[in-house]
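Enquirer: Below you'll find start-v5.cif; it's mmCIF, C-alpha atoms.
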```
data_upload
loop_
_atom_site.label_atom_id
_atom_site.label_comp_id
_atom_site.auth_asym_id
_atom_site.auth_seq_id
_atom_site.Cartn_x
_atom_site.Cartn_y
_atom_site.Cartn_z
CA MET A 1 25.23 17.36 6.74
CA GLY A 2 25.66 15.38 3.51
CA PRO A 3 25.09 16.87 0.07
CA CYS A 4 21.94 14.81 -0.53
CA VAL A 5 20.27 16.15 2.61
CA SER A 6 21.29 19.68 1.63
CA VAL A 7 19.51 19.18 -1.69
CA LEU A 8 16.45 17.93 0.19
CA LEU A 9 16.39 20.99 2.45
CA ASN A 10 16.67 23.29 -0.53
CA ARG A 11 13.67 21.65 -2.21
CA PHE A 12 11.19 21.80 0.66
CA ASN A 13 9.24 25.00 0.26
CA ASP A 14 7.58 25.12 -3.15
CA ASP A 15 8.30 21.83 -4.85
CA ALA A 16 5.57 19.26 -5.34
CA ILE A 17 5.03 15.81 -3.88
CA MET A 18 4.39 13.34 -6.67
CA VAL A 19 2.76 9.94 -6.17
CA LEU A 20 3.54 7.42 -8.90
CA GLN A 21 0.82 4.78 -9.28
CA ALA A 22 -1.65 7.12 -7.67
CA ASP A 23 -4.44 5.00 -9.17
CA HIS A 24 -3.40 2.14 -6.87
CA PRO A 25 -5.56 2.04 -3.68
CA VAL A 26 -2.64 3.02 -1.42
CA GLY A 27 -1.55 5.72 -3.86
CA ALA A 28 -5.06 7.17 -4.16
CA ALA A 29 -5.56 7.18 -0.39
CA THR A 30 -2.18 8.87 0.13
CA VAL A 31 -3.03 11.58 -2.40
CA ALA A 32 -6.33 12.17 -0.60
CA PHE A 33 -4.53 12.40 2.75
CA LEU A 34 -1.94 14.87 1.42
CA LEU A 35 -4.60 17.09 -0.13
CA GLY A 36 -6.52 17.15 3.15
CA GLU A 37 -3.57 17.86 5.42
CA ASP A 38 -1.63 20.69 3.83
CA ASP A 39 -1.87 23.40 1.21
CA PHE A 40 0.88 21.77 -0.78
CA PRO A 41 1.17 20.97 -4.50
CA VAL A 42 0.39 17.29 -5.10
CA VAL A 43 0.92 15.57 -8.44
CA ALA A 44 -0.84 12.27 -9.12
CA GLY A 45 0.88 10.04 -11.67
CA VAL A 46 -1.70 7.71 -13.21
CA GLN A 47 -1.94 5.38 -16.20
CA ASP A 48 -4.87 7.17 -17.84
CA THR A 49 -5.83 10.75 -16.94
CA SER A 50 -9.17 10.38 -18.79
CA ASN A 51 -10.32 7.49 -16.58
CA PRO A 52 -13.76 8.51 -15.19
CA ASP A 53 -13.15 6.44 -12.03
CA LEU A 54 -10.27 8.53 -10.67
CA GLY A 55 -12.53 10.15 -8.08
CA ASP A 56 -10.74 12.43 -5.58
CA LEU A 57 -7.51 12.16 -7.56
CA LYS A 58 -8.96 14.83 -9.83
CA ASN A 59 -8.37 17.33 -7.02
CA ALA A 60 -4.63 16.84 -7.51
CA LYS A 61 -2.67 17.71 -10.62
CA LEU A 62 -3.17 14.66 -12.83
CA VAL A 63 -0.25 13.56 -14.98
CA ARG A 64 0.00 10.53 -17.22
CA ALA A 65 3.04 8.89 -15.67
CA THR A 66 3.89 5.41 -14.43
CA ILE A 67 6.91 3.75 -12.88
CA GLY A 68 9.54 3.03 -15.49
CA GLN A 69 8.00 4.91 -18.39
CA PRO A 70 10.35 6.73 -20.79
CA LYS A 71 11.16 10.43 -20.27
CA LEU A 72 10.21 10.50 -16.58
CA GLU A 73 13.04 12.96 -15.98
CA LYS A 74 11.15 15.48 -18.11
CA VAL A 75 7.91 14.78 -16.21
CA PHE A 76 9.63 15.35 -12.85
CA LYS A 77 11.22 18.60 -14.01
CA GLU A 78 8.07 19.97 -15.65
CA ASN A 79 6.07 19.35 -12.47
CA ASN A 80 8.74 20.66 -10.10
CA VAL A 81 8.84 17.38 -8.16
CA GLY A 82 10.87 17.56 -4.95
CA ARG A 83 9.51 14.49 -3.19
CA LEU A 84 8.47 11.28 -4.90
CA LEU A 85 6.39 8.39 -3.59
CA LEU A 86 6.71 5.09 -5.46
CA VAL A 87 3.76 2.76 -4.87
CA ILE A 88 5.15 -0.64 -5.85
CA SER A 89 2.52 -3.18 -6.83
CA GLY A 90 3.11 -6.64 -8.15
CA SER A 91 4.42 -7.27 -11.60
CA GLU A 92 7.45 -9.39 -12.25
CA ASP A 93 9.31 -6.69 -14.20
CA VAL A 94 8.69 -3.83 -11.79
CA GLY A 95 12.24 -4.08 -10.42
CA LYS A 96 13.72 -2.95 -13.75
CA LYS A 97 11.15 -0.17 -13.95
CA VAL A 98 12.08 1.10 -10.49
CA LYS A 99 15.78 1.21 -11.45
CA SER A 100 14.91 3.33 -14.47
CA THR A 101 12.73 5.61 -12.35
CA LEU A 102 15.50 6.12 -9.79
CA LYS A 103 17.88 7.22 -12.56
CA SER A 104 15.29 9.67 -13.87
CA ALA A 105 14.63 11.02 -10.37
CA ALA A 106 18.33 11.56 -9.72
CA ALA A 107 18.81 13.31 -13.07
CA ALA A 108 15.82 15.57 -12.34
CA GLY A 109 17.14 16.53 -8.92
CA VAL A 110 14.35 14.90 -6.90
CA GLY A 111 15.33 15.41 -3.26
CA TYR A 112 13.54 12.57 -1.48
CA ILE A 113 11.90 9.23 -2.28
CA GLY A 114 9.35 7.24 -0.32
CA CYS A 115 8.74 3.63 -1.36
CA VAL A 116 5.69 1.50 -0.56
CA SER A 117 6.89 -2.07 -0.07
CA THR A 118 5.53 -5.18 1.65
CA ALA A 119 5.98 -6.42 5.20
CA THR A 120 7.16 -9.79 3.91
CA ALA A 121 10.16 -8.28 2.08
CA SER A 122 12.37 -9.63 4.85
CA TYR A 123 11.16 -13.24 4.37
CA SER A 124 13.82 -14.45 1.95
CA GLY A 125 12.78 -17.03 -0.59
CA THR A 126 9.16 -15.90 -0.86
CA LEU A 127 7.75 -14.45 -4.09
CA PHE A 128 7.18 -11.02 -2.61
CA ALA A 129 10.60 -10.92 -0.95
CA ASN A 130 12.28 -11.95 -4.19
CA LEU A 131 10.66 -8.93 -5.86
CA TYR A 132 10.62 -6.27 -3.16
CA ALA A 133 13.93 -6.88 -1.37
CA PRO A 134 16.04 -6.05 -4.46
CA ILE A 135 13.92 -2.93 -5.05
CA GLU A 136 14.53 -1.82 -1.49
CA GLY A 137 18.23 -2.49 -2.03
CA ASP A 138 18.33 -0.35 -5.17
CA ILE A 139 16.64 2.53 -3.34
CA LYS A 140 19.09 2.29 -0.46
CA LYS A 141 22.01 2.32 -2.90
CA SER A 142 20.73 5.37 -4.74
CA LYS A 143 22.08 8.77 -3.76
CA ILE A 144 18.60 10.10 -3.02
CA PRO A 145 17.43 10.34 0.63
CA PHE A 146 14.67 7.79 1.22
CA THR A 147 12.19 6.09 3.54
CA ILE A 148 10.75 2.63 2.93
CA PHE A 149 7.21 1.78 4.04
CA ARG A 150 6.45 -1.91 4.49
CA LEU A 151 2.75 -2.68 4.68
CA THR A 152 0.95 -5.79 5.83
CA MET A 153 -1.77 -7.25 3.61
CA PRO A 154 -4.73 -4.83 3.26
CA LEU A 155 -8.09 -5.46 4.88
CA ASP A 156 -9.50 -5.13 1.37
CA ILE A 157 -8.53 -8.79 0.86
CA TYR A 158 -11.75 -9.60 2.74
CA LEU A 159 -13.75 -8.06 -0.12
CA THR A 160 -12.93 -11.18 -2.15
CA THR A 161 -15.48 -12.97 0.06
CA ALA A 162 -18.29 -10.48 -0.60
CA GLU A 163 -20.17 -12.35 -3.33
CA LYS A 164 -20.52 -15.55 -1.28
CA VAL A 165 -21.55 -13.55 1.79
CA ARG A 166 -24.30 -11.96 -0.30
CA THR A 167 -25.51 -15.09 -2.07
CA MET A 168 -24.80 -17.89 0.41
CA GLY A 169 -24.41 -16.22 3.80
CA LYS A 170 -20.91 -17.69 3.96
CA PHE A 171 -17.54 -16.04 4.53
CA VAL A 172 -15.24 -18.28 2.47
CA PHE A 173 -11.53 -17.71 3.10
CA PRO A 174 -8.38 -19.83 3.60
CA LEU A 175 -7.33 -18.30 6.93
CA MET A 176 -7.73 -20.50 10.03
CA ARG A 177 -10.36 -18.94 12.27
CA SER A 178 -8.23 -18.63 15.40
CA VAL A 179 -5.09 -17.19 13.78
CA ARG A 180 -4.36 -13.57 14.67
CA CYS A 181 -3.40 -11.32 11.77
CA THR A 182 -2.57 -7.65 11.33
CA PHE A 183 -4.12 -6.72 7.98
CA ILE A 184 -4.14 -2.94 7.59
CA ASP A 185 -6.76 -0.44 6.48
CA VAL A 186 -5.54 1.31 3.32
CA GLU A 187 -6.47 4.73 4.70
CA ASP A 188 -4.45 4.09 7.86
CA ALA A 189 -1.45 3.13 5.75
CA ALA A 190 -1.90 6.27 3.65
CA ALA A 191 -2.02 8.48 6.74
CA ALA A 192 1.27 7.11 8.07
CA ILE A 193 2.93 7.43 4.67
CA GLY A 194 1.53 10.92 4.20
CA VAL A 195 2.82 12.14 7.55
CA VAL A 196 6.34 11.09 6.59
CA MET A 197 6.10 12.52 3.07
CA LEU A 198 5.14 15.92 4.49
CA GLU A 199 7.96 15.97 7.06
CA PRO A 200 10.61 13.47 5.90
CA LEU A 201 13.71 14.87 7.58
CA MET A 202 13.17 12.88 10.79
CA HIS A 203 12.69 9.67 8.81
CA LEU A 204 15.59 9.53 6.39
CA SER A 205 17.18 6.13 5.68
CA ARG A 206 14.52 4.38 7.77
CA THR A 207 12.46 1.30 6.98
CA TYR A 208 9.08 1.29 8.72
CA THR A 209 6.54 -1.50 9.02
CA PHE A 210 2.89 -0.46 9.34
CA ALA A 211 0.39 -3.06 10.55
CA GLY A 212 -3.31 -3.07 11.31
CA THR A 213 -5.25 -3.97 14.45
CA ARG A 214 -4.67 -7.58 15.52
CA HIS A 215 -7.73 -9.72 15.00
CA THR A 216 -8.86 -13.21 14.08
CA VAL A 217 -11.06 -14.02 11.11
CA ARG A 218 -13.57 -15.39 13.63
CA GLU A 219 -13.81 -11.92 15.22
CA PHE A 220 -14.15 -10.31 11.81
CA VAL A 221 -16.95 -12.65 10.69
CA TYR A 222 -18.85 -12.13 13.95
CA LYS A 223 -18.68 -8.35 13.59
CA LEU A 224 -19.65 -8.54 9.93
CA GLY A 225 -22.69 -10.63 10.80
CA SER A 226 -23.66 -8.17 13.54
CA ALA A 227 -23.46 -5.27 11.08
CA LEU A 228 -25.53 -7.19 8.51
CA GLY A 229 -28.06 -8.26 11.13
CA LYS A 230 -27.76 -11.95 10.32
CA GLU A 231 -25.57 -14.94 11.05
CA ILE A 232 -22.65 -15.41 8.69
CA LYS A 233 -21.05 -18.83 8.64
CA TYR A 234 -17.32 -19.18 8.19
CA GLU A 235 -15.95 -21.75 5.78
CA CYS A 236 -12.18 -22.21 5.81
CA VAL A 237 -11.24 -23.39 2.34
CA SER A 238 -7.94 -24.85 1.22
CA LEU A 239 -5.32 -22.56 -0.23
CA SER A 240 -5.46 -24.45 -3.52
CA ASP A 241 -9.22 -23.87 -3.83
CA TRP A 242 -8.83 -20.19 -2.91
CA ARG A 243 -6.03 -19.81 -5.44
CA LYS A 244 -8.24 -21.30 -8.15
CA ASP A 245 -11.13 -18.97 -7.26
CA MET A 246 -8.94 -15.85 -7.32
CA ILE A 247 -7.45 -16.73 -10.70
CA GLU A 248 -10.94 -17.43 -12.11
CA GLU A 249 -11.95 -13.96 -10.92
CA GLY A 250 -9.23 -12.50 -13.10
CA LEU A 251 -6.53 -11.62 -10.58
CA PRO A 252 -2.97 -11.91 -11.96
CA THR A 253 -1.52 -15.35 -11.25
CA TRP A 254 1.72 -13.94 -9.86
CA ARG A 255 -0.14 -11.75 -7.35
CA VAL A 256 -2.40 -14.63 -6.31
CA GLU A 257 0.63 -16.86 -5.71
CA GLY A 258 2.12 -14.18 -3.48
CA GLY A 259 -1.15 -13.90 -1.58
CA VAL A 260 -1.22 -17.67 -1.11
CA GLU A 261 2.24 -17.47 0.47
CA VAL A 262 1.13 -14.71 2.83
CA ILE A 263 -1.98 -16.63 3.97
CA HIS A 264 0.16 -19.74 4.43
CA MET A 265 2.49 -17.69 6.64
CA CYS A 266 -0.51 -16.40 8.60
CA ASN A 267 -1.70 -19.93 9.24
CA LYS A 268 1.79 -20.85 10.47
CA VAL A 269 1.67 -17.80 12.79
CA GLU A 270 4.52 -16.11 10.92
CA TYR A 271 2.65 -13.00 9.84
CA ASP A 272 1.99 -11.03 13.05
CA PHE A 273 3.89 -7.77 12.63
CA SER A 274 2.53 -6.04 15.73
CA SER A 275 5.93 -6.22 17.44
CA VAL A 276 7.62 -4.15 14.70
CA ASP A 277 4.65 -1.91 13.89
CA ARG A 278 5.74 1.75 13.76
CA TYR A 279 2.28 3.16 13.12
CA PRO A 280 1.71 4.46 16.68
CA MET A 281 5.04 6.31 16.59
CA ILE A 282 4.33 8.00 13.25
CA CYS A 283 0.60 8.74 13.70
CA LYS A 284 0.59 9.92 17.28
CA ASN A 285 -2.70 11.80 16.92
CA ARG A 286 -4.59 9.13 14.98
CA ARG A 287 -5.90 5.77 16.10
CA LYS A 288 -6.05 2.81 13.77
CA THR A 289 -9.38 2.09 12.13
CA LYS A 290 -11.45 -0.36 14.14
CA LEU A 291 -12.77 -3.47 12.40
CA GLU A 292 -16.32 -2.27 13.02
CA THR A 293 -15.56 1.02 11.28
CA TRP A 294 -13.98 -0.67 8.26
CA ILE A 295 -16.93 -3.08 8.03
CA ASN A 296 -19.49 -0.26 8.15
CA GLU A 297 -17.59 1.70 5.50
CA HIS A 298 -17.61 -1.34 3.18
CA LEU A 299 -20.92 -2.89 4.21
CA SER A 300 -22.59 -2.30 0.83
CA PHE A 301 -20.21 -4.82 -0.76
CA PHE A 302 -21.58 -7.56 1.51
CA GLN A 303 -25.27 -6.65 1.39
CA SER A 304 -27.60 -8.59 -0.89
#
```
Let me see the structure of the file written as structure tokens.

Expert:
Amino acid sequence: MGPCVSVLLNRFNDDAIMVLQADHPVGAATVAFLLGEDDFPVVAGVQDTSNPDLGDLKNAKLVRATIGQPKLEKVFKENNVGRLLLVISGSEDVGKKVKSTLKSAAAAGVGYIGCVSTATASYSGTLFANLYAPIEGDIKKSKIPFTIFRLTMPLDIYLTTAEKVRTMGKFVFPLMRSVRCTFIDVEDAAAAIGVVMLEPLMHLSRTYTFAGTRHTVREFVYKLGSALGKEIKYECVSLSDWRKDMIEEGLPTWRVEGGVEVIHMCNKVEYDFSSVDRYPMICKNRRKTKLETWINEHLSFFQS
């Protein structure tokens, strides 16, 4: 048994699990899962602890802490952090911030790190791979035991169509209607991540891909229309038009460009991760959320 694993074993009983970027959808859902599964101290690192929209995160110990901020070592020590989950979301300088966080975690004696990455990290030359692959490499080179969680695009991407569904009865999206994709429900992703964070010893030095239920956008639109009780027409727009719309809605350009690449890969049938999906192995007692369930849970966004 290596010294790093010995440290991990020694820090299992009373030390907290901390989620950095807990105000990110995956982070928030993971915190909620951890709080519901075990009587275990959970620390939620957020940008602003006074934010009134933190919701269920308030049931965890809220700490003002983000990836890469100064004096994280002190934060980890003061909160007795034994396991750390890094929720990596897109910003071009996040790689440097992760390196700084890893140094702070090592200095504080953190025993285990989980990292939320993207399923396209292995597609060299893409925007997301150029960002996430080096981050994964830095985590693997650190002396802290780790697990990497690669997620497919979230089903929440469909919420970008909600306004036109409400006002025009149209589902406007750049995905070809017959292409199968494996977008994942955020709560499903959080459950798989949470299971590993609670019992990481069987998952050390692993990289897992978690994918959603395979479906076509045609199937999704049909089921959405059935739930709304009316016909919804599908309009497949060009990627350039979709890109323009997303930027006009205020989404960061870098993130939109990455999304454009992912949709382009979907249309070329390069984004079906069902063959490498480890979700069933990790969440043996939980089935993935059905499209109908996700639609019903988010139906108010699409209702006029």

Enquirer: Counting all atoms listed in the file, which of A:Glu231, A:Asp245, A:Asp138, A:Glu78 gets nearest to Lys97 (chain A)?

Expert: A:Asp138

Enquirer: Run through the PyMOL selection byres ((chain A and resi 275-289) around 8) on the given coordinates and return the selected residues as a PyMOL selection string.

Expert: chain A and resi 185+188+191-192+195-196+208-213+272-274+290-291+293-294

Enquirer: Starting from the shown file, work through the PyMOL selection byres ((chain A and resi 55) around 12) and note down what comes out as a list in words.

Expert: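 On this input, the PyMOL selection byres ((chain A and resi 55) around 12) captures Ala22, Asp23, Pro25, Ala28, Ala29, Val31, Ala32, Ala44, Thr49, Ser50, Asn51, Pro52, Asp53, Leu54, Asp56, Leu57, Lys58, Asn59, Ala60 and Leu62 of chain A.
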
Enquirer: Restricting the output to C-alpha atoms, write the selected residues as a PDB file, keeping the file's coordinate frame.

Expert:
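Result file follows (out-v1.pdb):
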```pdb
ATOM      1  CA  ALA A  22      -1.650   7.120  -7.670  1.00  0.00           C
ATOM      2  CA  ASP A  23      -4.440   5.000  -9.170  1.00  0.00           C
ATOM      3  CA  PRO A  25      -5.560   2.040  -3.680  1.00  0.00           C
ATOM      4  CA  ALA A  28      -5.060   7.170  -4.160  1.00  0.00           C
ATOM      5  CA  ALA A  29      -5.560   7.180  -0.390  1.00  0.00           C
ATOM      6  CA  VAL A  31      -3.030  11.580  -2.400  1.00  0.00           C
ATOM      7  CA  ALA A  32      -6.330  12.170  -0.600  1.00  0.00           C
ATOM      8  CA  ALA A  44      -0.840  12.270  -9.120  1.00  0.00           C
ATOM      9  CA  THR A  49      -5.830  10.750 -16.940  1.00  0.00           C
ATOM     10  CA  SER A  50      -9.170  10.380 -18.790  1.00  0.00           C
ATOM     11  CA  ASN A  51     -10.320   7.490 -16.580  1.00  0.00           C
ATOM     12  CA  PRO A  52     -13.760   8.510 -15.190  1.00  0.00           C
ATOM     13  CA  ASP A  53     -13.150   6.440 -12.030  1.00  0.00           C
ATOM     14  CA  LEU A  54     -10.270   8.530 -10.670  1.00  0.00           C
ATOM     15  CA  ASP A  56     -10.740  12.430  -5.580  1.00  0.00           C
ATOM     16  CA  LEU A  57      -7.510  12.160  -7.560  1.00  0.00           C
ATOM     17  CA  LYS A  58      -8.960  14.830  -9.830  1.00  0.00           C
ATOM     18  CA  ASN A  59      -8.370  17.330  -7.020  1.00  0.00           C
ATOM     19  CA  ALA A  60      -4.630  16.840  -7.510  1.00  0.00           C
ATOM     20  CA  LEU A  62      -3.170  14.660 -12.830  1.00  0.00           C
TER      21      LEU A  62
END
```

Enquirer: I need the residue nearest Leu224 (chain A) from this list: A:Leu159, A:Ile113, A:Leu72, A:Leu131. Use all atoms listed in the file for the distance.

Expert: A:Leu159

Enquirer: Just how far from CA of Asn267 (chain A) is CA of Lys230 (chain A), in Å to one decimal?

Expert: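 Distance between the two atoms: 27.3 Å.
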
Enquirer: Counting all atoms listed in the file, which of A:Arg255, A:Cys236, A:Val26, A:Pro145 gets nearest to Leu201 (chain A)?

Expert: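 Among the listed residues, A:Pro145 lies closest to Leu201 (chain A).
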
Enquirer: To one decimal place, how far is CA of Val116 (chain A) from CA of Ser91 (chain A) in Å?

Expert: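 CA of Ser91 (chain A) lies at a distance of 14.2 Å from CA of Val116 (chain A).
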
Enquirer: Which residues are close to Ser104 (chain A), i.e. within 12 Å by all atoms listed in the file, leaving aside same-chain residues fewer than 4 positions away? Reply as a list in words.

Expert: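 Contacts, with the query itself left out: Ile67, Gly68, Gln69, Pro70, Lys71, Leu72, Glu73, Lys74, Val75, Phe76, Lys77, Val81, Leu84, Lys97, Val98, Lys99, Ser100, Ala108, Gly109, Val110, Ser142 and Ile144 of chain A.
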
Enquirer: How far is it from CA of Ser122 (chain A) to CA of Gly250 (chain A), in Å with one decimal?

Expert: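 Value for the CA of Ser122 (chain A)-CA of Gly250 (chain A) distance: 28.2 Å.
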
Enquirer: Out of A:Val217, A:Ile232, A:Leu151, A:Ala106, which residue has the shortest atom-to-atom distance to Val179 (chain A) when counting only C-alpha atoms?

Expert: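 Among the listed residues, A:Val217 lies closest to Val179 (chain A).
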
Enquirer: Evaluate the PyMOL selection byres ((chain A and resi 41) around 7) on the structure here and hand back the selected residues as number ranges by chain.

Expert: A: 16-17, 39-40, 42-43

Enquirer: For Leu86 (chain A), which of A:Ile139, A:Glu37, A:Val19, A:His24 is the closest residue, counting all atoms listed in the file?

Expert: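 Answer, going by the shortest atom-to-atom distance: A:Val19.
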
Enquirer: Quick one: of A:Leu204, A:Glu136, A:Gly194, A:Phe33, who's nearest to Tyr112 (chain A), counting only C-alpha atoms?

Expert: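 Using only C-alpha atoms, Tyr112 (chain A) sits closest to A:Leu204.
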
Enquirer: Wanna dump the region 200-224 of chain A-region 165-178 of chain A contacts at 12 Å for me, each residue with its shortest atom pair and the distance in Å to one decimal, counting only C-alpha atoms, ordered by chain and number, as a tab-separated table?

Expert:
```
residue	atom	partner	partner_atom	distance
A:Arg214	CA	A:Ser178	CA	11.6
A:His215	CA	A:Ser178	CA	8.9
A:Thr216	CA	A:Ser178	CA	5.6
A:Val217	CA	A:Arg177	CA	5.1
A:Arg218	CA	A:Arg177	CA	5.0
A:Glu219	CA	A:Arg177	CA	8.4
A:Phe220	CA	A:Arg177	CA	9.4
A:Val221	CA	A:Phe171	CA	7.1
A:Tyr222	CA	A:Phe171	CA	10.3
A:Lys223	CA	A:Phe171	CA	11.9
A:Leu224	CA	A:Phe171	CA	9.5
```

Enquirer: Could you turn the residues from that selection into a file that holds C-alpha atoms, as a JSON list (two decimals), keeping the file's coordinate frame?

Expert:
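Dumped everything to result_16.json:
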```json
[["chain", "number", "residue", "atom", "x", "y", "z"],
["A", 214, "ARG", "CA", -4.67, -7.58, 15.52],
["A", 215, "HIS", "CA", -7.73, -9.72, 15.00],
["A", 216, "THR", "CA", -8.86, -13.21, 14.08],
["A", 217, "VAL", "CA", -11.06, -14.02, 11.11],
["A", 218, "ARG", "CA", -13.57, -15.39, 13.63],
["A", 219, "GLU", "CA", -13.81, -11.92, 15.22],
["A", 220, "PHE", "CA", -14.15, -10.31, 11.81],
["A", 221, "VAL", "CA", -16.95, -12.65, 10.69],
["A", 222, "TYR", "CA", -18.85, -12.13, 13.95],
["A", 223, "LYS", "CA", -18.68, -8.35, 13.59],
["A", 224, "LEU", "CA", -19.65, -8.54, 9.93]]
```

Enquirer: Show me, as AutoDock Vina command-line options, the centre and edge lengths in Å to one decimal of the axis-aligned box that covers every listed atom of region 266-277 of chain A with 6 Å on each side.

Expert:
```
--center_x 3.0 --center_y -11.4 --center_z 13.0 --size_x 21.3 --size_y 30.9 --size_z 20.8
```

Enquirer: Mind checking which residues fall within 10 Å of Val256 (chain A), counting all atoms listed in the file, ignoring those fewer than 6 positions away in the same chain, and posting them as a PyMOL selection string?

Expert: chain A and resi 90+242-247+250+262
